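*Asks:* Let me give you the structure first, and then I'll get to my questions.
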Amino acid sequence: MKVIATLFLIVVFLAVTSPVLAGGISNELLLSSAWCTFKYNQTTGYSNTTRVKFNKNGTYSTGGRAEGSSSGKYGSHASQSDSSGAGKWKVVKGELYISEGQGQLNPVRTVVKRNSNGYPIILADGVEYSQCK
């Protein structure tokens with residue numbers, strides 16, 4: 001789904017076990033913490049992070065940062081860019097529906113997994129989110 005792809009930047013690589021449930025999303029799970037992604041490109045040295053915060057009133061907000069540095073024959077270059085977004089969300093029968101801004105709510109393909117320490121991982125349209133610390 002394009003909504004999630006544009007809002008959430010990256011897949012984080014975590015050790016996960018078999019899915020707990022297909023869907024399996026609950027209000028309590030989403031509200032239990034903020035949810036984060038992280039990706040690091042070893043070849044380029046650039047990283048991307050995204051943080052999603054779900055609110056009790058059915059809204060959410062996102063914040064992201066991309067940063068990195070490179071050096072070459074003409075010197076070094078460092079860059080950083082921030083992004084943000086917001087919208088609405090709702091859980092219906094264990095499935096997440098989300099909108100970009102005030103747009104229409106659309107379903108998100110979700111699976112809830114557990115990492116090797118037993119903490120939940122949400123796989124949403126192919127992007128893995130873990131609880132932020």
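The chains in the structure tokens are called A, B, ... from first to last as shown; in each chain the residues are counted from 1, and the ligands are counted from 1 in the order shown.
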For Ser83 in chain A, find every residue with an atom within 12 Å (counting only C-alpha atoms), except residues of its own chain fewer than 2 positions away, and show them as an mmCIF file with C-alpha atoms, in the first residue's frame.
*Replies:*
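Everything below was put into part37.cif:
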```cif
data_model
loop_
_atom_site.group_PDB
_atom_site.id
_atom_site.type_symbol
_atom_site.label_atom_id
_atom_site.label_comp_id
_atom_site.auth_asym_id
_atom_site.auth_seq_id
_atom_site.Cartn_x
_atom_site.Cartn_y
_atom_site.Cartn_z
ATOM 1 C CA THR A 6 5.349 6.849 1.788
ATOM 2 C CA LEU A 7 4.934 7.335 5.530
ATOM 3 C CA PHE A 8 7.317 4.726 6.791
ATOM 4 C CA LEU A 9 10.691 4.645 5.186
ATOM 5 C CA ASN A 48 16.975 6.109 7.961
ATOM 6 C CA THR A 49 14.772 6.012 11.035
ATOM 7 C CA THR A 50 11.031 6.478 11.437
ATOM 8 C CA ARG A 51 8.941 6.831 14.599
ATOM 9 C CA VAL A 52 5.153 6.407 14.635
ATOM 10 C CA SER A 61 1.957 11.179 13.861
ATOM 11 C CA THR A 62 5.211 10.179 12.225
ATOM 12 C CA GLY A 63 8.691 11.582 12.338
ATOM 13 C CA GLY A 64 11.666 10.441 10.319
ATOM 14 C CA ARG A 65 15.302 11.224 9.801
ATOM 15 C CA ALA A 66 17.701 10.277 7.029
ATOM 16 C CA GLU A 67 21.368 11.002 7.521
ATOM 17 C CA GLN A 80 20.507 15.079 7.132
ATOM 18 C CA SER A 81 16.829 15.470 6.370
ATOM 19 C CA GLY A 85 3.319 13.154 8.727
ATOM 20 C CA ALA A 86 -0.004 12.563 10.399
#
```
*Asks:* DSSP on the backbone: which residues in chain A end up as alpha helix (DSSP H)? Give the answer as JSON, numbers by chain.
*Replies:* {"A": [2, 3, 4, 5, 6, 7, 27, 28, 29, 30, 31]}
*Asks:* Nearest to Val111 in chain A: which of A:Ala78, A:Ile98, A:Ile25, A:Leu30 is it, counting only C-alpha atoms?
*Replies:* A:Ile25
*Asks:* Hey, what does DSSP flag as strand (DSSP E or B) within chain A? Can you give it to me as a PyMOL selection string?
*Replies:* chain A and resi 16+21-22+35-41+46-54+59-72+75-92+95-98+106-108+110-115+120-124+127-131
*Asks:* For Gly103 in chain A, work out the shell of residues within 12 Å, counting only C-alpha atoms and skipping chain neighbours fewer than 5 positions away, then give it as number ranges by chain.
*Replies:* A: 3, 59, 86-89, 97-98
*Asks:* Counting only C-alpha atoms, which of A:Gly24, A:Gly118, A:Gly68, A:Gly58 gets nearest to Tyr40 in chain A?
*Replies:*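 Distance minimum relative to Tyr40 in chain A lands on A:Gly68.
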*Asks:* Report the distance between CA of Ala34 in chain A and CA of Lys133 in chain A in Å, rounded to one decimal place.
*Replies:*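 Those two atoms sit 8.1 Å apart.
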*Asks:* Counting only C-alpha atoms, which residue out of A:Gln42, A:Gln104, A:Ser79, A:Leu96 sits closest to Ile122 in chain A?
*Replies:*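 So, comparing all the options, the nearest one is A:Leu96.
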*Asks:* From the list A:Leu105, A:Ser26, A:Ser32, A:Ser130, which residue is nearest Lys93 in chain A when using only C-alpha atoms?
*Replies:*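 When distances to Lys93 in chain A are compared using only C-alpha atoms, the smallest one comes from A:Ser26.
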*Asks:* Between CA of Lys56 in chain A and CA of Lys113 in chain A, measure the distance and give it in Å to one decimal.
*Replies:*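 Computing the Euclidean distance for CA of Lys56 in chain A and CA of Lys113 in chain A yields 22.9 Å.
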*Asks:* For each of A:Trp35, A:Asn41, A:Lys73, A:Val127, take the minimum atom-to-atom distance to Asn55 in chain A, counting only C-alpha atoms, then give the residue where this is smallest.
*Replies:* A:Trp35
*Asks:* Would you please work out which residue, of A:Ser99, A:Asn27, A:Gln131, A:Ser70, is nearest to Asn115 in chain A when using only C-alpha atoms?
*Replies:*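 The closest residue to Asn115 in chain A is A:Gln131.
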*Asks:* In Å, how far is it from CA of Ala124 in chain A to CA of Gly45 in chain A?
*Replies:*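 Taking CA of Ala124 in chain A as the start and CA of Gly45 in chain A as the end point, the length is 25.6 Å.
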